[in-house]
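Coordinates from coords22.txt are shown below (compact mmCIF, N, CA and C atoms).
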```
# COMPACT_ATOMS: atom_id res chain seq x y z
N MET A 1 -1.98 -0.36 -17.29
CA MET A 1 -2.54 -0.28 -15.96
C MET A 1 -2.56 1.17 -15.51
N ASN A 2 -3.58 1.49 -14.77
CA ASN A 2 -3.73 2.85 -14.26
C ASN A 2 -3.79 2.78 -12.73
N ILE A 3 -2.63 2.96 -12.08
CA ILE A 3 -2.56 2.92 -10.63
C ILE A 3 -2.00 4.24 -10.14
N LYS A 4 -2.78 4.90 -9.29
CA LYS A 4 -2.34 6.15 -8.67
C LYS A 4 -2.11 5.89 -7.18
N SER A 5 -1.55 6.89 -6.55
CA SER A 5 -1.24 6.81 -5.14
C SER A 5 -1.69 8.10 -4.48
N LYS A 6 -2.28 7.97 -3.27
CA LYS A 6 -2.83 9.15 -2.62
C LYS A 6 -2.92 8.91 -1.11
N SER A 7 -2.87 9.99 -0.36
CA SER A 7 -3.10 9.89 1.08
C SER A 7 -4.58 9.64 1.34
N ILE A 8 -4.87 8.82 2.31
CA ILE A 8 -6.25 8.56 2.71
C ILE A 8 -6.92 9.84 3.19
N HIS A 9 -6.12 10.83 3.58
CA HIS A 9 -6.64 12.10 4.11
C HIS A 9 -6.91 13.13 3.00
N ALA A 10 -6.46 12.85 1.78
CA ALA A 10 -6.69 13.77 0.66
C ALA A 10 -8.15 13.69 0.21
N VAL A 11 -8.59 14.74 -0.42
CA VAL A 11 -9.95 14.79 -0.93
C VAL A 11 -10.14 13.71 -2.00
N THR A 12 -11.26 13.02 -1.92
CA THR A 12 -11.59 12.01 -2.92
C THR A 12 -11.83 12.70 -4.26
N GLY A 13 -11.17 12.18 -5.30
CA GLY A 13 -11.31 12.78 -6.62
C GLY A 13 -12.16 11.92 -7.54
N ALA A 14 -12.79 12.56 -8.50
CA ALA A 14 -13.62 11.84 -9.46
C ALA A 14 -12.80 10.85 -10.28
N ASP A 15 -11.49 11.13 -10.42
CA ASP A 15 -10.63 10.27 -11.22
C ASP A 15 -9.89 9.22 -10.38
N ASP A 16 -10.26 9.07 -9.11
CA ASP A 16 -9.60 8.08 -8.25
C ASP A 16 -9.91 6.65 -8.67
N GLY A 17 -11.03 6.44 -9.31
CA GLY A 17 -11.41 5.08 -9.66
C GLY A 17 -11.71 4.27 -8.41
N ILE A 18 -11.29 3.03 -8.40
CA ILE A 18 -11.49 2.17 -7.24
C ILE A 18 -10.42 2.51 -6.21
N ARG A 19 -10.86 2.87 -5.03
CA ARG A 19 -9.95 3.31 -3.97
C ARG A 19 -9.63 2.12 -3.07
N ILE A 20 -8.34 1.72 -3.09
CA ILE A 20 -7.90 0.55 -2.33
C ILE A 20 -7.00 1.01 -1.19
N CYS A 21 -7.48 0.79 0.02
CA CYS A 21 -6.72 1.16 1.21
C CYS A 21 -5.77 0.03 1.56
N ILE A 22 -4.47 0.36 1.68
CA ILE A 22 -3.47 -0.66 2.03
C ILE A 22 -2.81 -0.31 3.36
N MET A 23 -3.66 0.11 4.30
CA MET A 23 -3.22 0.43 5.65
C MET A 23 -3.54 -0.73 6.60
N ARG A 24 -2.78 -0.84 7.65
CA ARG A 24 -3.01 -1.88 8.66
C ARG A 24 -4.31 -1.64 9.43
N ARG A 25 -4.55 -0.37 9.79
CA ARG A 25 -5.74 -0.02 10.55
C ARG A 25 -6.52 1.07 9.82
N VAL A 26 -7.84 1.01 9.92
CA VAL A 26 -8.68 2.03 9.28
C VAL A 26 -9.65 2.61 10.29
N LYS A 27 -10.17 3.76 9.94
CA LYS A 27 -11.19 4.43 10.76
C LYS A 27 -12.48 4.50 9.95
N PRO A 28 -13.61 4.57 10.63
CA PRO A 28 -14.90 4.60 9.91
C PRO A 28 -15.03 5.75 8.92
N GLU A 29 -14.37 6.86 9.18
CA GLU A 29 -14.51 8.02 8.29
C GLU A 29 -13.67 7.93 7.01
N TYR A 30 -12.81 6.94 6.91
CA TYR A 30 -12.00 6.81 5.70
C TYR A 30 -12.87 6.39 4.51
N ASP A 31 -12.58 6.99 3.37
CA ASP A 31 -13.34 6.73 2.15
C ASP A 31 -12.54 5.82 1.22
N PHE A 32 -12.92 4.55 1.16
CA PHE A 32 -12.27 3.60 0.26
C PHE A 32 -13.27 2.53 -0.14
N ASN A 33 -12.95 1.81 -1.21
CA ASN A 33 -13.83 0.75 -1.70
C ASN A 33 -13.38 -0.64 -1.27
N ILE A 34 -12.07 -0.83 -1.20
CA ILE A 34 -11.50 -2.14 -0.87
C ILE A 34 -10.41 -1.92 0.18
N TRP A 35 -10.35 -2.82 1.14
CA TRP A 35 -9.30 -2.75 2.17
C TRP A 35 -8.43 -3.99 2.06
N LEU A 36 -7.14 -3.80 1.80
CA LEU A 36 -6.19 -4.90 1.72
C LEU A 36 -5.06 -4.70 2.72
N PRO A 37 -5.31 -4.98 4.00
CA PRO A 37 -4.25 -4.82 5.00
C PRO A 37 -3.09 -5.78 4.77
N GLU A 38 -3.29 -6.80 3.94
CA GLU A 38 -2.22 -7.75 3.61
C GLU A 38 -1.05 -7.07 2.90
N LEU A 39 -1.29 -5.88 2.33
CA LEU A 39 -0.24 -5.15 1.64
C LEU A 39 0.33 -4.03 2.50
N SER A 40 0.11 -4.12 3.79
CA SER A 40 0.61 -3.09 4.71
C SER A 40 1.74 -3.66 5.56
N PRO A 41 2.56 -2.78 6.13
CA PRO A 41 3.63 -3.25 7.02
C PRO A 41 3.04 -3.74 8.35
N SER A 42 3.82 -4.55 9.04
CA SER A 42 3.40 -5.04 10.35
C SER A 42 3.37 -3.89 11.36
N ASP A 43 2.67 -4.11 12.46
CA ASP A 43 2.65 -3.12 13.53
C ASP A 43 4.07 -2.82 14.03
N GLU A 44 4.89 -3.86 14.14
CA GLU A 44 6.26 -3.68 14.63
C GLU A 44 7.08 -2.80 13.69
N LEU A 45 6.96 -3.04 12.39
CA LEU A 45 7.70 -2.24 11.42
C LEU A 45 7.21 -0.80 11.43
N LEU A 46 5.90 -0.60 11.48
CA LEU A 46 5.36 0.75 11.56
C LEU A 46 5.85 1.48 12.81
N GLU A 47 5.84 0.79 13.93
CA GLU A 47 6.29 1.42 15.17
C GLU A 47 7.78 1.79 15.09
N ASP A 48 8.59 0.89 14.58
CA ASP A 48 10.02 1.19 14.45
C ASP A 48 10.26 2.40 13.56
N TYR A 49 9.50 2.50 12.48
CA TYR A 49 9.68 3.62 11.55
C TYR A 49 9.11 4.92 12.14
N ASN A 50 7.92 4.85 12.67
CA ASN A 50 7.26 6.06 13.19
C ASN A 50 7.94 6.63 14.43
N THR A 51 8.63 5.80 15.20
CA THR A 51 9.33 6.29 16.39
C THR A 51 10.77 6.66 16.10
N GLY A 52 11.22 6.44 14.85
CA GLY A 52 12.58 6.81 14.49
C GLY A 52 13.64 5.77 14.82
N ARG A 53 13.22 4.59 15.26
CA ARG A 53 14.21 3.53 15.53
C ARG A 53 14.89 3.09 14.23
N ILE A 54 14.16 3.22 13.13
CA ILE A 54 14.76 2.98 11.81
C ILE A 54 14.35 4.14 10.90
N ASP A 55 15.17 4.39 9.89
CA ASP A 55 14.84 5.40 8.89
C ASP A 55 14.32 4.69 7.63
N TRP A 56 14.08 5.47 6.58
CA TRP A 56 13.54 4.89 5.34
C TRP A 56 14.46 3.80 4.79
N ASP A 57 15.77 4.03 4.88
CA ASP A 57 16.73 3.04 4.38
C ASP A 57 16.66 1.73 5.17
N GLY A 58 16.25 1.80 6.41
CA GLY A 58 16.05 0.59 7.20
C GLY A 58 14.67 -0.02 6.99
N TYR A 59 13.72 0.83 6.65
CA TYR A 59 12.34 0.38 6.44
C TYR A 59 12.21 -0.47 5.18
N VAL A 60 12.81 -0.01 4.09
CA VAL A 60 12.60 -0.66 2.79
C VAL A 60 12.98 -2.15 2.80
N PRO A 61 14.17 -2.54 3.28
CA PRO A 61 14.48 -3.97 3.25
C PRO A 61 13.56 -4.81 4.15
N ARG A 62 13.14 -4.24 5.26
CA ARG A 62 12.22 -4.98 6.13
C ARG A 62 10.85 -5.13 5.48
N PHE A 63 10.35 -4.06 4.85
CA PHE A 63 9.06 -4.16 4.17
C PHE A 63 9.16 -5.12 2.98
N THR A 64 10.28 -5.09 2.30
CA THR A 64 10.49 -6.00 1.18
C THR A 64 10.41 -7.45 1.63
N ALA A 65 11.12 -7.78 2.71
CA ALA A 65 11.10 -9.15 3.22
C ALA A 65 9.72 -9.53 3.76
N GLU A 66 9.10 -8.60 4.45
CA GLU A 66 7.84 -8.86 5.13
C GLU A 66 6.65 -8.98 4.16
N VAL A 67 6.65 -8.13 3.12
CA VAL A 67 5.47 -8.05 2.26
C VAL A 67 5.82 -8.31 0.79
N LEU A 68 6.73 -7.54 0.23
CA LEU A 68 6.98 -7.61 -1.21
C LEU A 68 7.48 -8.97 -1.67
N ASP A 69 8.36 -9.59 -0.91
CA ASP A 69 8.93 -10.88 -1.31
C ASP A 69 8.28 -12.06 -0.59
N ASN A 70 7.19 -11.82 0.11
CA ASN A 70 6.50 -12.86 0.85
C ASN A 70 5.56 -13.61 -0.09
N PRO A 71 5.83 -14.88 -0.37
CA PRO A 71 4.99 -15.62 -1.33
C PRO A 71 3.53 -15.72 -0.95
N THR A 72 3.21 -15.61 0.34
CA THR A 72 1.80 -15.68 0.74
C THR A 72 1.05 -14.40 0.38
N ARG A 73 1.77 -13.35 0.02
CA ARG A 73 1.13 -12.07 -0.34
C ARG A 73 0.98 -11.90 -1.86
N THR A 74 1.59 -12.77 -2.64
CA THR A 74 1.59 -12.63 -4.10
C THR A 74 0.19 -12.47 -4.67
N LYS A 75 -0.75 -13.24 -4.17
CA LYS A 75 -2.11 -13.19 -4.72
C LYS A 75 -2.74 -11.80 -4.55
N TYR A 76 -2.36 -11.07 -3.50
CA TYR A 76 -2.92 -9.74 -3.29
C TYR A 76 -2.36 -8.73 -4.30
N PHE A 77 -1.09 -8.86 -4.62
CA PHE A 77 -0.52 -8.02 -5.67
C PHE A 77 -1.20 -8.33 -7.01
N GLU A 78 -1.44 -9.60 -7.25
CA GLU A 78 -2.10 -10.00 -8.49
C GLU A 78 -3.53 -9.48 -8.56
N ILE A 79 -4.23 -9.48 -7.45
CA ILE A 79 -5.60 -8.94 -7.41
C ILE A 79 -5.59 -7.47 -7.80
N VAL A 80 -4.69 -6.71 -7.20
CA VAL A 80 -4.61 -5.28 -7.52
C VAL A 80 -4.24 -5.09 -8.98
N ARG A 81 -3.26 -5.85 -9.46
CA ARG A 81 -2.86 -5.76 -10.87
C ARG A 81 -4.05 -6.05 -11.79
N ASP A 82 -4.80 -7.10 -11.49
CA ASP A 82 -5.92 -7.49 -12.36
C ASP A 82 -7.03 -6.44 -12.36
N ILE A 83 -7.29 -5.84 -11.21
CA ILE A 83 -8.28 -4.76 -11.16
C ILE A 83 -7.79 -3.58 -11.99
N ALA A 84 -6.50 -3.25 -11.84
CA ALA A 84 -5.93 -2.09 -12.54
C ALA A 84 -5.87 -2.28 -14.05
N LYS A 85 -5.94 -3.52 -14.52
CA LYS A 85 -5.98 -3.77 -15.96
C LYS A 85 -7.32 -3.33 -16.54
N LYS A 86 -8.36 -3.31 -15.72
CA LYS A 86 -9.71 -3.00 -16.20
C LYS A 86 -10.22 -1.64 -15.74
N TYR A 87 -9.74 -1.17 -14.60
CA TYR A 87 -10.27 0.06 -14.02
C TYR A 87 -9.13 0.90 -13.45
N PRO A 88 -9.32 2.21 -13.43
CA PRO A 88 -8.34 3.03 -12.71
C PRO A 88 -8.45 2.76 -11.22
N ILE A 89 -7.33 2.72 -10.54
CA ILE A 89 -7.35 2.53 -9.09
C ILE A 89 -6.43 3.56 -8.43
N THR A 90 -6.70 3.79 -7.16
CA THR A 90 -5.85 4.63 -6.33
C THR A 90 -5.54 3.87 -5.06
N LEU A 91 -4.25 3.68 -4.79
CA LEU A 91 -3.82 3.06 -3.54
C LEU A 91 -3.75 4.14 -2.47
N LEU A 92 -4.26 3.82 -1.30
CA LEU A 92 -4.38 4.80 -0.22
C LEU A 92 -3.62 4.35 1.03
N CYS A 93 -2.98 5.32 1.66
CA CYS A 93 -2.31 5.12 2.94
C CYS A 93 -2.21 6.47 3.63
N HIS A 94 -1.64 6.50 4.80
CA HIS A 94 -1.59 7.69 5.63
C HIS A 94 -0.67 8.80 5.11
N GLU A 95 0.49 8.46 4.59
CA GLU A 95 1.50 9.45 4.22
C GLU A 95 0.97 10.43 3.17
N ASP A 96 1.42 11.70 3.27
CA ASP A 96 0.98 12.73 2.32
C ASP A 96 1.44 12.43 0.90
N THR A 97 2.69 12.00 0.76
CA THR A 97 3.23 11.65 -0.56
C THR A 97 3.72 10.22 -0.51
N ASP A 98 3.98 9.65 -1.67
CA ASP A 98 4.47 8.27 -1.67
C ASP A 98 5.99 8.18 -1.79
N GLU A 99 6.66 9.32 -1.66
CA GLU A 99 8.12 9.30 -1.74
C GLU A 99 8.71 8.31 -0.73
N LYS A 100 8.25 8.39 0.50
CA LYS A 100 8.70 7.48 1.56
C LYS A 100 7.48 6.79 2.17
N CYS A 101 6.78 6.06 1.30
CA CYS A 101 5.57 5.34 1.72
C CYS A 101 5.53 4.00 1.01
N HIS A 102 5.00 3.01 1.69
CA HIS A 102 4.93 1.69 1.09
C HIS A 102 4.01 1.64 -0.14
N ARG A 103 3.14 2.64 -0.33
CA ARG A 103 2.30 2.67 -1.55
C ARG A 103 3.18 2.61 -2.79
N ARG A 104 4.24 3.40 -2.80
CA ARG A 104 5.13 3.43 -3.96
C ARG A 104 5.79 2.07 -4.16
N LEU A 105 6.22 1.45 -3.08
CA LEU A 105 6.87 0.14 -3.18
C LEU A 105 5.89 -0.91 -3.71
N VAL A 106 4.64 -0.83 -3.29
CA VAL A 106 3.62 -1.77 -3.78
C VAL A 106 3.38 -1.55 -5.27
N ILE A 107 3.28 -0.30 -5.70
CA ILE A 107 3.08 -0.02 -7.13
C ILE A 107 4.27 -0.53 -7.95
N GLU A 108 5.47 -0.32 -7.45
CA GLU A 108 6.66 -0.82 -8.16
C GLU A 108 6.65 -2.34 -8.26
N LYS A 109 6.23 -3.02 -7.20
CA LYS A 109 6.14 -4.48 -7.21
C LYS A 109 5.11 -4.95 -8.23
N ILE A 110 3.96 -4.31 -8.26
CA ILE A 110 2.91 -4.71 -9.21
C ILE A 110 3.40 -4.54 -10.64
N ALA A 111 4.17 -3.50 -10.91
CA ALA A 111 4.69 -3.25 -12.25
C ALA A 111 5.63 -4.37 -12.71
N THR A 112 6.22 -5.11 -11.78
CA THR A 112 7.16 -6.17 -12.16
C THR A 112 6.47 -7.51 -12.42
N LEU A 113 5.20 -7.61 -12.08
CA LEU A 113 4.49 -8.87 -12.26
C LEU A 113 4.28 -9.16 -13.74
N GLU A 114 4.27 -10.43 -14.06
CA GLU A 114 3.98 -10.82 -15.44
C GLU A 114 2.61 -10.32 -15.83
N LYS A 115 2.50 -9.90 -17.05
CA LYS A 115 1.23 -9.35 -17.53
C LYS A 115 0.22 -10.42 -17.80
```
Whole structure given in structure tokens:
Amino acid sequence: MNIKSKSIHAVTGADDGIRICIMRRVKPEYDFNIWLPELSPSDELLEDYNTGRIDWDGYVPRFTAEVLDNPTRTKYFEIVRDIAKKYPITLLCHEDTDEKCHRRLVIEKIATLEK
């Protein structure tokens, strides 16, 4: 599988492949091919993190419960995995790097799925 991670604000690259936005909200100027808000954190979780009510260590378990371990979201991880088996893809979100971004957590989850 070929899955990359990039900020939605970064320049679109020729090697991005299929650009999948996993943000809750998008703007018309964003450049992506597929939008999967089902793989994004809730508004409440985003607000808690962005306002500093929780830090990254508090964010991860909440995102895990809300999205990564949510059985109703499994099919979306599988969709991304299946696309990535055939084409290069780039997951997109707001953060500059994926060090403290749910993009990295989503990629890690997809890597654990049965092939």
Could you list, as a VMD selection string, every residue within 7 Å of range 101-111 of chain A, counting all atoms listed in the file and ignoring same-chain residues fewer than 6 positions away?
chain A and resid 5 68 77 to 78 81 91 to 93 95
Using N, CA and C atoms, can you export the residues from the last selection as a CSV table (one decimal), in the coordinates of the input?
```csv
chain,number,residue,atom,x,y,z
A,5,SER,N,-1.6,6.9,-6.6
A,5,SER,CA,-1.2,6.8,-5.1
A,5,SER,C,-1.7,8.1,-4.5
A,68,LEU,N,6.7,-7.5,0.2
A,68,LEU,CA,7.0,-7.6,-1.2
A,68,LEU,C,7.5,-9.0,-1.7
A,77,PHE,N,-1.1,-8.9,-4.6
A,77,PHE,CA,-0.5,-8.0,-5.7
A,77,PHE,C,-1.2,-8.3,-7.0
A,78,GLU,N,-1.4,-9.6,-7.2
A,78,GLU,CA,-2.1,-10.0,-8.5
A,78,GLU,C,-3.5,-9.5,-8.6
A,81,ARG,N,-3.3,-5.8,-9.5
A,81,ARG,CA,-2.9,-5.8,-10.9
A,81,ARG,C,-4.0,-6.0,-11.8
A,91,LEU,N,-4.2,3.7,-4.8
A,91,LEU,CA,-3.8,3.1,-3.5
A,91,LEU,C,-3.8,4.1,-2.5
A,92,LEU,N,-4.3,3.8,-1.3
A,92,LEU,CA,-4.4,4.8,-0.2
A,92,LEU,C,-3.6,4.4,1.0
A,93,CYS,N,-3.0,5.3,1.7
A,93,CYS,CA,-2.3,5.1,2.9
A,93,CYS,C,-2.2,6.5,3.6
A,95,GLU,N,0.5,8.5,4.6
A,95,GLU,CA,1.5,9.4,4.2
A,95,GLU,C,1.0,10.4,3.2
```
Within 6 Å of (5.5, -0.6, 3.2), only C-alpha atoms: residues as a PyMOL selection string?
chain A and resi 40-41+63+102
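Every protein, DNA or RNA residue with an atom at most 8 Å from Glu38 in chain A, where all atoms listed in the file count and chain neighbours fewer than 5 positions away do not, is listed here: Cys21, Ile22, Met23, Arg24, Val67, Arg73, Tyr76 and Phe77 of chain A.
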Go through A:Leu46, A:Ala65, A:Leu113, A:Thr12 and flag the residue nearest Ile79 in chain A, using only C-alpha atoms for the distances.
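Among A:Leu46, A:Ala65, A:Leu113, A:Thr12, it is A:Leu113 that comes nearest to Ile79 in chain A.
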Tell me, which residues of range 14-52 of chain A carry DSSP helix (DSSP H, G or I), written as a PyMOL selection string?
chain A and resi 37-39+43-50
For CA of His94 in chain A and CA of Lys27 in chain A, the interatomic separation in Å (one decimal):
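Result for CA of His94 in chain A versus CA of Lys27 in chain A: 11.4 Å, one decimal.
Closest to Gly17 in chain A among A:Tyr87, A:Gly58, A:Met1, A:Asn50 is A:Tyr87, based on all atoms listed in the file.
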Identify, with DSSP run on backbone atoms, the residues in chain A assigned to strand (DSSP E), and express the list as a ChimeraX atom specification.
/A:3-7,18-21,34-35,89-93
Once 5 Å is added on each side, what are the centre and the three edge lengths, in Å to one decimal, of the axis-aligned box enclosing the listed atoms of range 44-62 of chain A? Present them as JSON.
```
{"center_x": 10.8, "center_y": 0.8, "center_z": 9.6, "size_x": 21.8, "size_y": 21.9, "size_z": 23.6}
```
Gap from atom N of Lys6 in chain A to atom C of Lys75 in chain A - Å, one decimal:
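Going from atom N of Lys6 in chain A over to atom C of Lys75 in chain A, I get 19.8 Å.
Distances to Asp31 in chain A were evaluated for A:Trp56, A:Pro71, A:Glu44, A:His9 using only N, CA and C atoms, and the minimum falls at A:His9.
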Using Å and a single decimal, report how far atom C of Ile89 in chain A sits from atom C of Glu66 in chain A.
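Spanning atom C of Glu66 in chain A to atom C of Ile89 in chain A is a straight-line distance of 22.1 Å.
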